[in-house]
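Student: File query_34.pdb follows (PDB, C-alpha atoms):
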```pdb
ATOM      1  CA  MET A 160     154.959  65.935  54.080  1.00  0.00           C
ATOM      2  CA  ARG A 161     152.698  66.158  57.148  1.00  0.00           C
ATOM      3  CA  ASN A 162     150.358  63.521  55.709  1.00  0.00           C
ATOM      4  CA  ARG A 163     153.281  61.205  54.918  1.00  0.00           C
ATOM      5  CA  LEU A 164     154.581  61.483  58.467  1.00  0.00           C
ATOM      6  CA  LEU A 165     151.128  60.756  59.854  1.00  0.00           C
ATOM      7  CA  GLU A 166     150.821  57.686  57.647  1.00  0.00           C
ATOM      8  CA  LEU A 167     154.167  56.397  58.895  1.00  0.00           C
ATOM      9  CA  LEU A 168     153.026  56.810  62.494  1.00  0.00           C
ATOM     10  CA  LEU A 169     149.420  55.803  61.863  1.00  0.00           C
ATOM     11  CA  PRO A 170     149.271  53.606  58.731  1.00  0.00           C
ATOM     12  CA  PRO A 171     146.100  53.863  56.616  1.00  0.00           C
ATOM     13  CA  ARG A 172     143.307  51.461  57.449  1.00  0.00           C
ATOM     14  CA  CYS A 173     140.682  50.477  54.926  1.00  0.00           C
ATOM     15  CA  GLY A 174     137.399  52.266  55.563  1.00  0.00           C
ATOM     16  CA  GLY A 175     135.542  49.159  54.475  1.00  0.00           C
ATOM     17  CA  CYS A 176     137.240  46.323  56.383  1.00  0.00           C
ATOM     18  CA  HIS A 177     139.820  48.018  58.677  1.00  0.00           C
ATOM     19  CA  THR A 178     142.752  46.205  57.063  1.00  0.00           C
ATOM     20  CA  VAL A 179     146.049  48.103  57.321  1.00  0.00           C
ATOM     21  CA  GLY A 180     147.612  49.332  54.091  1.00  0.00           C
ATOM     22  CA  SER A 181     145.244  51.679  52.254  1.00  0.00           C
ATOM     23  CA  TRP A 182     142.197  53.827  52.877  1.00  0.00           C
ATOM     24  CA  LEU A 183     140.072  51.616  50.606  1.00  0.00           C
ATOM     25  CA  CYS A 184     141.642  48.260  49.825  1.00  0.00           C
ATOM     26  CA  SER A 185     141.415  46.444  46.495  1.00  0.00           C
ATOM     27  CA  ILE A 186     139.254  43.684  47.992  1.00  0.00           C
ATOM     28  CA  CYS A 187     136.676  46.168  49.259  1.00  0.00           C
ATOM     29  CA  ARG A 188     136.765  48.107  45.993  1.00  0.00           C
ATOM     30  CA  GLY A 189     135.976  44.859  44.216  1.00  0.00           C
ATOM     31  CA  ARG A 190     133.009  44.221  46.510  1.00  0.00           C
ATOM     32  CA  ILE A 191     131.448  47.653  45.979  1.00  0.00           C
ATOM     33  CA  ARG A 192     128.355  47.367  43.795  1.00  0.00           C
ATOM     34  CA  ARG A 193     128.196  49.891  40.967  1.00  0.00           C
ATOM     35  CA  LEU A 194     124.709  50.998  39.950  1.00  0.00           C
ATOM     36  CA  GLN A 195     123.644  48.993  36.919  1.00  0.00           C
ATOM     37  CA  GLU A 196     121.758  49.877  33.774  1.00  0.00           C
ATOM     38  CA  PRO A 197     118.985  50.407  33.049  1.00  0.00           C
ATOM     39  CA  LEU A 198     118.920  53.661  35.015  1.00  0.00           C
ATOM     40  CA  CYS A 199     116.338  56.415  34.940  1.00  0.00           C
ATOM     41  CA  ARG A 200     117.796  58.939  32.508  1.00  0.00           C
ATOM     42  CA  ARG A 201     116.900  61.840  34.758  1.00  0.00           C
ATOM     43  CA  CYS A 202     117.467  60.740  38.369  1.00  0.00           C
ATOM     44  CA  GLY A 203     119.760  57.740  37.870  1.00  0.00           C
ATOM     45  CA  ALA A 204     117.659  55.290  39.881  1.00  0.00           C
ATOM     46  CA  GLU A 205     117.883  51.624  38.944  1.00  0.00           C
ATOM     47  CA  VAL A 206     114.715  50.680  37.057  1.00  0.00           C
ATOM     48  CA  GLU A 207     113.335  47.407  35.727  1.00  0.00           C
ATOM     49  CA  SER A 208     113.319  48.426  32.068  1.00  0.00           C
ATOM     50  CA  ALA A 209     114.846  51.147  29.948  1.00  0.00           C
ATOM     51  CA  ARG A 210     112.703  54.276  29.842  1.00  0.00           C
ATOM     52  CA  ASN A 211     113.164  58.011  29.889  1.00  0.00           C
ATOM     53  CA  GLU A 212     112.051  58.609  33.487  1.00  0.00           C
ATOM     54  CA  CYS A 213     110.749  56.818  36.577  1.00  0.00           C
ATOM     55  CA  GLY A 214     108.226  59.439  37.706  1.00  0.00           C
ATOM     56  CA  CYS A 215     110.882  61.655  39.299  1.00  0.00           C
ATOM     57  CA  ARG A 216     109.926  64.780  37.333  1.00  0.00           C
ATOM     58  CA  SER A 217     107.144  65.563  39.785  1.00  0.00           C
ATOM     59  CA  ARG A 218     109.570  65.303  42.715  1.00  0.00           C
ATOM     60  CA  PHE A 219     112.560  67.185  41.342  1.00  0.00           C
ATOM     61  CA  LYS A 220     111.794  70.787  40.456  1.00  0.00           C
ATOM     62  CA  ALA A 221     115.309  72.207  40.070  1.00  0.00           C
ATOM     63  CA  LEU A 222     117.768  69.371  39.429  1.00  0.00           C
ATOM     64  CA  THR A 223     118.567  68.786  35.783  1.00  0.00           C
ATOM     65  CA  ARG A 224     120.006  65.334  36.437  1.00  0.00           C
ATOM     66  CA  LEU A 225     120.974  63.191  39.399  1.00  0.00           C
ATOM     67  CA  ARG A 226     123.653  60.508  39.431  1.00  0.00           C
ATOM     68  CA  SER A 227     125.364  58.341  42.039  1.00  0.00           C
ATOM     69  CA  ALA A 228     128.409  56.140  41.631  1.00  0.00           C
ATOM     70  CA  VAL A 229     127.588  53.103  43.748  1.00  0.00           C
ATOM     71  CA  ALA A 230     124.920  51.475  45.914  1.00  0.00           C
ATOM     72  CA  TYR A 231     124.921  52.388  49.610  1.00  0.00           C
ATOM     73  CA  GLU A 232     125.694  48.925  50.925  1.00  0.00           C
ATOM     74  CA  GLY A 233     128.628  46.732  51.896  1.00  0.00           C
ATOM     75  CA  PRO A 234     132.130  48.254  52.163  1.00  0.00           C
ATOM     76  CA  VAL A 235     131.156  51.701  50.912  1.00  0.00           C
ATOM     77  CA  GLU A 236     128.460  52.026  53.586  1.00  0.00           C
ATOM     78  CA  HIS A 237     131.065  51.316  56.280  1.00  0.00           C
ATOM     79  CA  ALA A 238     133.564  53.683  54.659  1.00  0.00           C
ATOM     80  CA  LEU A 239     131.072  56.535  54.358  1.00  0.00           C
ATOM     81  CA  HIS A 240     130.010  56.112  57.977  1.00  0.00           C
ATOM     82  CA  ARG A 241     133.616  56.307  59.149  1.00  0.00           C
ATOM     83  CA  PHE A 242     134.271  59.254  56.828  1.00  0.00           C
ATOM     84  CA  LYS A 243     131.246  61.245  57.976  1.00  0.00           C
ATOM     85  CA  TYR A 244     130.845  60.370  61.649  1.00  0.00           C
ATOM     86  CA  GLN A 245     134.250  59.136  62.825  1.00  0.00           C
ATOM     87  CA  GLY A 246     136.488  61.722  61.197  1.00  0.00           C
ATOM     88  CA  TRP A 247     138.281  59.495  58.690  1.00  0.00           C
ATOM     89  CA  THR A 248     138.788  62.484  56.405  1.00  0.00           C
ATOM     90  CA  ARG A 249     141.487  60.794  54.311  1.00  0.00           C
ATOM     91  CA  LEU A 250     138.716  58.639  52.840  1.00  0.00           C
ATOM     92  CA  ALA A 251     137.696  61.675  50.795  1.00  0.00           C
ATOM     93  CA  GLU A 252     140.238  60.775  48.108  1.00  0.00           C
ATOM     94  CA  PRO A 253     139.200  57.159  47.344  1.00  0.00           C
ATOM     95  CA  LEU A 254     135.497  57.982  47.722  1.00  0.00           C
ATOM     96  CA  ALA A 255     135.786  60.936  45.348  1.00  0.00           C
ATOM     97  CA  LEU A 256     137.629  58.665  42.914  1.00  0.00           C
ATOM     98  CA  LEU A 257     134.581  56.368  42.773  1.00  0.00           C
ATOM     99  CA  LEU A 258     132.445  59.376  41.927  1.00  0.00           C
ATOM    100  CA  ALA A 259     134.910  60.765  39.384  1.00  0.00           C
ATOM    101  CA  GLU A 260     134.987  57.431  37.575  1.00  0.00           C
ATOM    102  CA  ARG A 261     131.198  57.498  37.285  1.00  0.00           C
ATOM    103  CA  LEU A 262     131.132  61.086  36.049  1.00  0.00           C
ATOM    104  CA  VAL A 263     133.625  60.276  33.306  1.00  0.00           C
ATOM    105  CA  VAL A 264     131.459  57.360  32.158  1.00  0.00           C
ATOM    106  CA  GLU A 265     128.343  59.539  32.242  1.00  0.00           C
ATOM    107  CA  GLY A 266     130.092  62.353  30.414  1.00  0.00           C
ATOM    108  CA  LEU A 267     128.787  64.933  32.887  1.00  0.00           C
ATOM    109  CA  ALA A 268     130.620  68.227  32.564  1.00  0.00           C
ATOM    110  CA  ALA A 269     130.227  71.506  34.432  1.00  0.00           C
ATOM    111  CA  THR A 270     131.979  74.798  35.079  1.00  0.00           C
ATOM    112  CA  TRP A 271     131.797  74.774  38.855  1.00  0.00           C
ATOM    113  CA  ALA A 272     131.556  72.247  41.693  1.00  0.00           C
ATOM    114  CA  VAL A 273     129.501  73.097  44.790  1.00  0.00           C
ATOM    115  CA  ALA A 274     129.093  71.013  47.945  1.00  0.00           C
ATOM    116  CA  VAL A 275     125.885  70.575  49.919  1.00  0.00           C
ATOM    117  CA  PRO A 276     126.554  72.800  52.946  1.00  0.00           C
ATOM    118  CA  LEU A 277     126.218  72.080  56.644  1.00  0.00           C
ATOM    119  CA  HIS A 278     124.633  74.566  59.011  1.00  0.00           C
ATOM    120  CA  SER A 279     127.289  76.539  60.904  1.00  0.00           C
ATOM    121  CA  ALA A 280     126.384  74.859  64.215  1.00  0.00           C
ATOM    122  CA  ARG A 281     126.705  71.377  62.703  1.00  0.00           C
ATOM    123  CA  LEU A 282     129.984  72.332  61.005  1.00  0.00           C
ATOM    124  CA  LYS A 283     131.405  73.569  64.301  1.00  0.00           C
ATOM    125  CA  GLN A 284     130.351  70.354  66.015  1.00  0.00           C
ATOM    126  CA  ARG A 285     131.737  68.017  63.349  1.00  0.00           C
ATOM    127  CA  GLY A 286     134.784  70.075  62.392  1.00  0.00           C
ATOM    128  CA  PHE A 287     134.470  69.505  58.644  1.00  0.00           C
ATOM    129  CA  ASN A 288     131.932  69.216  55.859  1.00  0.00           C
ATOM    130  CA  GLN A 289     132.295  65.795  54.265  1.00  0.00           C
ATOM    131  CA  SER A 290     130.654  66.968  51.034  1.00  0.00           C
ATOM    132  CA  GLU A 291     133.112  69.847  50.707  1.00  0.00           C
ATOM    133  CA  LEU A 292     136.049  67.439  51.132  1.00  0.00           C
ATOM    134  CA  LEU A 293     134.635  65.366  48.271  1.00  0.00           C
ATOM    135  CA  ALA A 294     134.127  68.516  46.190  1.00  0.00           C
ATOM    136  CA  ARG A 295     137.762  69.552  46.703  1.00  0.00           C
ATOM    137  CA  GLU A 296     138.958  66.202  45.427  1.00  0.00           C
ATOM    138  CA  LEU A 297     136.667  66.378  42.390  1.00  0.00           C
ATOM    139  CA  ARG A 298     137.811  69.907  41.571  1.00  0.00           C
ATOM    140  CA  LYS A 299     141.396  68.637  41.454  1.00  0.00           C
ATOM    141  CA  ARG A 300     140.617  65.506  39.441  1.00  0.00           C
ATOM    142  CA  LEU A 301     138.197  67.048  36.947  1.00  0.00           C
ATOM    143  CA  SER A 302     139.692  70.566  36.688  1.00  0.00           C
ATOM    144  CA  LEU A 303     136.576  72.214  38.093  1.00  0.00           C
ATOM    145  CA  ALA A 304     136.502  75.612  39.778  1.00  0.00           C
ATOM    146  CA  HIS A 305     134.849  76.988  42.896  1.00  0.00           C
ATOM    147  CA  PRO A 306     132.162  79.572  42.063  1.00  0.00           C
ATOM    148  CA  PRO A 307     132.421  83.225  43.228  1.00  0.00           C
ATOM    149  CA  GLY A 308     130.406  82.822  46.409  1.00  0.00           C
ATOM    150  CA  LYS A 309     128.988  80.046  48.540  1.00  0.00           C
ATOM    151  CA  LEU A 310     125.876  78.021  49.097  1.00  0.00           C
ATOM    152  CA  VAL A 311     124.747  78.258  52.726  1.00  0.00           C
ATOM    153  CA  ARG A 312     122.250  76.431  54.912  1.00  0.00           C
ATOM    154  CA  THR A 313     120.134  79.203  56.401  1.00  0.00           C
ATOM    155  CA  ARG A 314     118.638  77.212  59.261  1.00  0.00           C
ATOM    156  CA  PRO A 315     119.445  74.000  61.113  1.00  0.00           C
ATOM    157  CA  THR A 316     117.445  71.020  59.905  1.00  0.00           C
ATOM    158  CA  PRO A 317     116.905  67.710  61.712  1.00  0.00           C
ATOM    159  CA  PRO A 318     118.652  64.698  60.126  1.00  0.00           C
ATOM    160  CA  GLN A 319     116.761  63.216  57.178  1.00  0.00           C
ATOM    161  CA  VAL A 320     117.504  59.606  58.167  1.00  0.00           C
ATOM    162  CA  GLY A 321     114.456  57.508  58.979  1.00  0.00           C
ATOM    163  CA  HIS A 322     111.826  59.784  57.424  1.00  0.00           C
ATOM    164  CA  ASP A 323     109.700  59.422  54.307  1.00  0.00           C
ATOM    165  CA  ARG A 324     110.032  61.458  51.121  1.00  0.00           C
ATOM    166  CA  ARG A 325     107.313  63.998  51.969  1.00  0.00           C
ATOM    167  CA  TRP A 326     108.823  64.761  55.390  1.00  0.00           C
ATOM    168  CA  ARG A 327     112.266  65.138  53.855  1.00  0.00           C
ATOM    169  CA  LEU A 328     110.998  67.590  51.238  1.00  0.00           C
ATOM    170  CA  GLU A 329     109.360  69.803  53.868  1.00  0.00           C
ATOM    171  CA  ASN A 330     112.368  69.556  56.182  1.00  0.00           C
ATOM    172  CA  VAL A 331     114.760  71.163  53.679  1.00  0.00           C
ATOM    173  CA  ARG A 332     112.344  73.457  51.845  1.00  0.00           C
ATOM    174  CA  ASP A 333     113.863  76.986  51.653  1.00  0.00           C
ATOM    175  CA  ALA A 334     116.743  75.873  53.887  1.00  0.00           C
ATOM    176  CA  PHE A 335     119.484  76.989  51.457  1.00  0.00           C
ATOM    177  CA  LYS A 336     120.565  80.255  49.882  1.00  0.00           C
ATOM    178  CA  TRP A 337     123.228  81.363  47.420  1.00  0.00           C
ATOM    179  CA  GLN A 338     125.482  84.152  48.711  1.00  0.00           C
ATOM    180  CA  GLY A 339     127.829  85.842  46.276  1.00  0.00           C
ATOM    181  CA  PHE A 340     127.996  87.041  42.708  1.00  0.00           C
ATOM    182  CA  GLY A 341     125.506  85.898  40.097  1.00  0.00           C
ATOM    183  CA  LEU A 342     126.160  82.433  38.703  1.00  0.00           C
ATOM    184  CA  GLU A 343     125.976  83.618  35.082  1.00  0.00           C
ATOM    185  CA  SER A 344     123.890  80.668  33.849  1.00  0.00           C
ATOM    186  CA  ARG A 345     126.913  78.391  34.323  1.00  0.00           C
ATOM    187  CA  SER A 346     126.443  74.644  34.767  1.00  0.00           C
ATOM    188  CA  ILE A 347     127.109  73.278  38.246  1.00  0.00           C
ATOM    189  CA  LEU A 348     127.927  69.912  39.795  1.00  0.00           C
ATOM    190  CA  LEU A 349     126.264  69.726  43.207  1.00  0.00           C
ATOM    191  CA  ILE A 350     128.040  67.198  45.429  1.00  0.00           C
ATOM    192  CA  ASP A 351     126.867  65.124  48.388  1.00  0.00           C
ATOM    193  CA  ASP A 352     128.062  61.929  50.033  1.00  0.00           C
ATOM    194  CA  VAL A 353     124.827  59.897  50.055  1.00  0.00           C
ATOM    195  CA  CYS A 354     121.534  60.322  48.207  1.00  0.00           C
ATOM    196  CA  THR A 355     118.311  58.736  49.468  1.00  0.00           C
ATOM    197  CA  THR A 356     115.345  60.626  47.998  1.00  0.00           C
ATOM    198  CA  GLY A 357     117.280  63.549  46.494  1.00  0.00           C
ATOM    199  CA  ALA A 358     115.274  66.069  48.537  1.00  0.00           C
ATOM    200  CA  THR A 359     118.336  67.874  49.922  1.00  0.00           C
ATOM    201  CA  LEU A 360     120.027  68.040  46.534  1.00  0.00           C
ATOM    202  CA  ASP A 361     116.885  69.444  44.910  1.00  0.00           C
ATOM    203  CA  ALA A 362     116.485  72.073  47.638  1.00  0.00           C
ATOM    204  CA  CYS A 363     120.108  73.130  47.085  1.00  0.00           C
ATOM    205  CA  ALA A 364     119.555  73.225  43.324  1.00  0.00           C
ATOM    206  CA  THR A 365     116.558  75.506  43.862  1.00  0.00           C
ATOM    207  CA  ALA A 366     118.803  77.985  45.690  1.00  0.00           C
ATOM    208  CA  LEU A 367     121.463  77.798  42.970  1.00  0.00           C
ATOM    209  CA  ARG A 368     118.917  78.389  40.223  1.00  0.00           C
ATOM    210  CA  ALA A 369     117.600  81.385  42.177  1.00  0.00           C
ATOM    211  CA  GLY A 370     121.197  82.624  42.243  1.00  0.00           C
ATOM    212  CA  GLY A 371     121.325  82.576  38.445  1.00  0.00           C
ATOM    213  CA  SER A 372     122.896  79.212  37.654  1.00  0.00           C
ATOM    214  CA  GLY A 373     122.338  77.146  34.552  1.00  0.00           C
ATOM    215  CA  PRO A 374     121.780  73.386  34.737  1.00  0.00           C
ATOM    216  CA  VAL A 375     122.430  71.838  38.158  1.00  0.00           C
ATOM    217  CA  MET A 376     123.486  68.194  38.182  1.00  0.00           C
ATOM    218  CA  GLY A 377     123.317  66.493  41.558  1.00  0.00           C
ATOM    219  CA  VAL A 378     125.943  63.798  42.186  1.00  0.00           C
ATOM    220  CA  SER A 379     126.681  61.591  45.182  1.00  0.00           C
ATOM    221  CA  VAL A 380     129.119  58.829  45.983  1.00  0.00           C
ATOM    222  CA  ALA A 381     126.398  56.410  47.015  1.00  0.00           C
ATOM    223  CA  ARG A 382     122.681  55.941  46.612  1.00  0.00           C
ATOM    224  CA  VAL A 383     120.304  54.249  49.012  1.00  0.00           C
ATOM    225  CA  THR A 384     118.415  51.664  46.962  1.00  0.00           C
ATOM    226  CA  VAL A 385     115.010  50.186  47.788  1.00  0.00           C
TER     227      VAL A 385
END
```
Could you show the structure in this file as structure tokens?
Tutor:
Amino acid sequence: MRNRLLELLLPPRCGGCHTVGSWLCSICRGRIRRLQEPLCRRCGAEVESARNECGCRSRFKALTRLRSAVAYEGPVEHALHRFKYQGWTRLAEPLALLLAERLVVEGLAATWAVAVPLHSARLKQRGFNQSELLARELRKRLSLAHPPGKLVRTRPTPPQVGHDRRWRLENVRDAFKWQGFGLESRSILLIDDVCTTGATLDACATALRAGGSGPVMGVSVARVTV
């Protein structure tokens, strides 16, 4: 009821083009580029020809698989920026829908859904964790559960944006820890908004595996393509 009243007073605006009427309009949805086959079977990167892997095995030590729904460009780039940095939290629903659609196509299934955490200082500053909002929507849509504990960021880390793969790996190394009961070898979907090199997702997966999880599949709404 509260959300309906807010929408009457402040009608939804498209996160992609700012048009009034919905949080992600049909025109912008049609302009969003889905990642196209062939994809690396392990990390989901677009590759020139079909093959098992693209050389990602040496980079990813803990992730079983990595998948993203769309390319980080055009309307979805604008929507994710507004979602993450401008507090457009209602975009969580349409953005999570893009990811859910991809997961259904991929046939990825898991017991639990876990979000990439923010450090407590960053969470206090921003007021919400965008990855956790996406995870909540996916739990509802895909009938996933929250595990008995939480993944935490043990130290603040500088933003990854603008740095190369090696710097990113070192920046998040040992920056996460699982707190709670053992994960009982259960499979986990690890959720983030944007994936660039996958360094953060792999560091989180390392902590989950140390906590006793089974396969950890990293998923993000968008992927930065090069």
Student: What would the selection look like, as a PyMOL selection string, if the PyMOL selection byres ((chain A and resi 185-199) around 8) were run on the coordinates I just shared?
Tutor: chain A and resi 175-176+183-184+200-213+227-230+232-235
Student: Could you state which residues are captured by the PyMOL selection byres ((chain A and resi 313) around 9) in this file, as a CSV table (one decimal) with C-alpha atoms, in the coordinates of the input?
Tutor:
```
chain,number,residue,atom,x,y,z
A,278,HIS,CA,124.6,74.6,59.0
A,279,SER,CA,127.3,76.5,60.9
A,311,VAL,CA,124.7,78.3,52.7
A,312,ARG,CA,122.2,76.4,54.9
A,314,ARG,CA,118.6,77.2,59.3
A,315,PRO,CA,119.4,74.0,61.1
A,333,ASP,CA,113.9,77.0,51.7
A,334,ALA,CA,116.7,75.9,53.9
A,335,PHE,CA,119.5,77.0,51.5
A,336,LYS,CA,120.6,80.3,49.9
```
Student: Neighbours of A:Arg298 within 12 Å (all atoms listed in the file; same-chain residues fewer than 4 positions away dropped), as a list in words?
Tutor: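 My reading of the contact set: Glu252, Ala255, Leu256, Leu258, Ala259, Ala268, Ala269, Thr270, Trp271, Ala272, Val273, Ala274, Glu291, Leu292, Leu293, Ala294, Ser302, Leu303, Ala304, His305, Pro306, Ile347, Leu348, Leu349 and Ile350 of chain A.
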Student: Using Å and a single decimal, report how far atom CA of A:Ala221 sits from atom CA of A:Thr365.
Tutor: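 Straight-line distance from atom CA of A:Thr365 to atom CA of A:Ala221 works out to 5.2 Å.
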Student: So, counting all atoms listed in the file, which residue among A:Arg324, A:Arg332, A:Arg249, A:Lys220 is closest to A:Glu296?
Tutor: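 Closest to A:Glu296 of all the choices is A:Arg249.
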Student: Using atom CA of A:Leu257 and atom CA of A:His237 as the two end points, give the distance in Å to one decimal.
Tutor: 14.8 Å
Student: Let me know the residues the PyMOL selection byres ((chain A and resi 181) around 10) catches in the file above, as a PyMOL selection string.
Tutor: chain A and resi 166+170-174+177-180+182-185+250+253
Student: Can you tell me, as a list of chain:residue names, what residues are no more than 9 Å from A:Thr356 when counting all atoms listed in the file, ignoring any on the same chain fewer than 3 positions away?
Tutor: A:Asp323, A:Arg324, A:Arg327, A:Leu328, A:Thr359, A:Leu360, A:Arg382, A:Val383
Student: Tell me, as a list of chain:residue names, which residues lie within 8 Å of A:Thr223, counting all atoms listed in the file; anything in the same chain fewer than 5 positions away does not count.
Tutor: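 After dropping sequence-adjacent residues, the list is A:Arg201, A:Pro374, A:Val375, A:Met376, A:Gly377.
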Student: Please produce a file of the residues just selected, as a compact mmCIF listing (two decimals), in the frame of the given file, where the atoms kept are C-alpha atoms.
Tutor:
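Contents of the output file selection_35.txt:
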```txt
# COMPACT_ATOMS: atom_id res chain seq x y z
CA ARG A 201 116.90 61.84 34.76
CA PRO A 374 121.78 73.39 34.74
CA VAL A 375 122.43 71.84 38.16
CA MET A 376 123.49 68.19 38.18
CA GLY A 377 123.32 66.49 41.56
```
Student: Which distance in Å separates atom CA of A:Ala251 and atom CA of A:Asn288, to one decimal?
Tutor: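 Between atom CA of A:Ala251 and atom CA of A:Asn288 the gap is 10.8 Å.
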Student: Identify, on the basis of only C-alpha atoms, every residue whose closest approach to A:Gln319 does not exceed 12 Å; exclude the query and any residue fewer than 6 positions from it along the same chain; express the result as a PyMOL selection string.
Tutor: chain A and resi 325-331+353-359
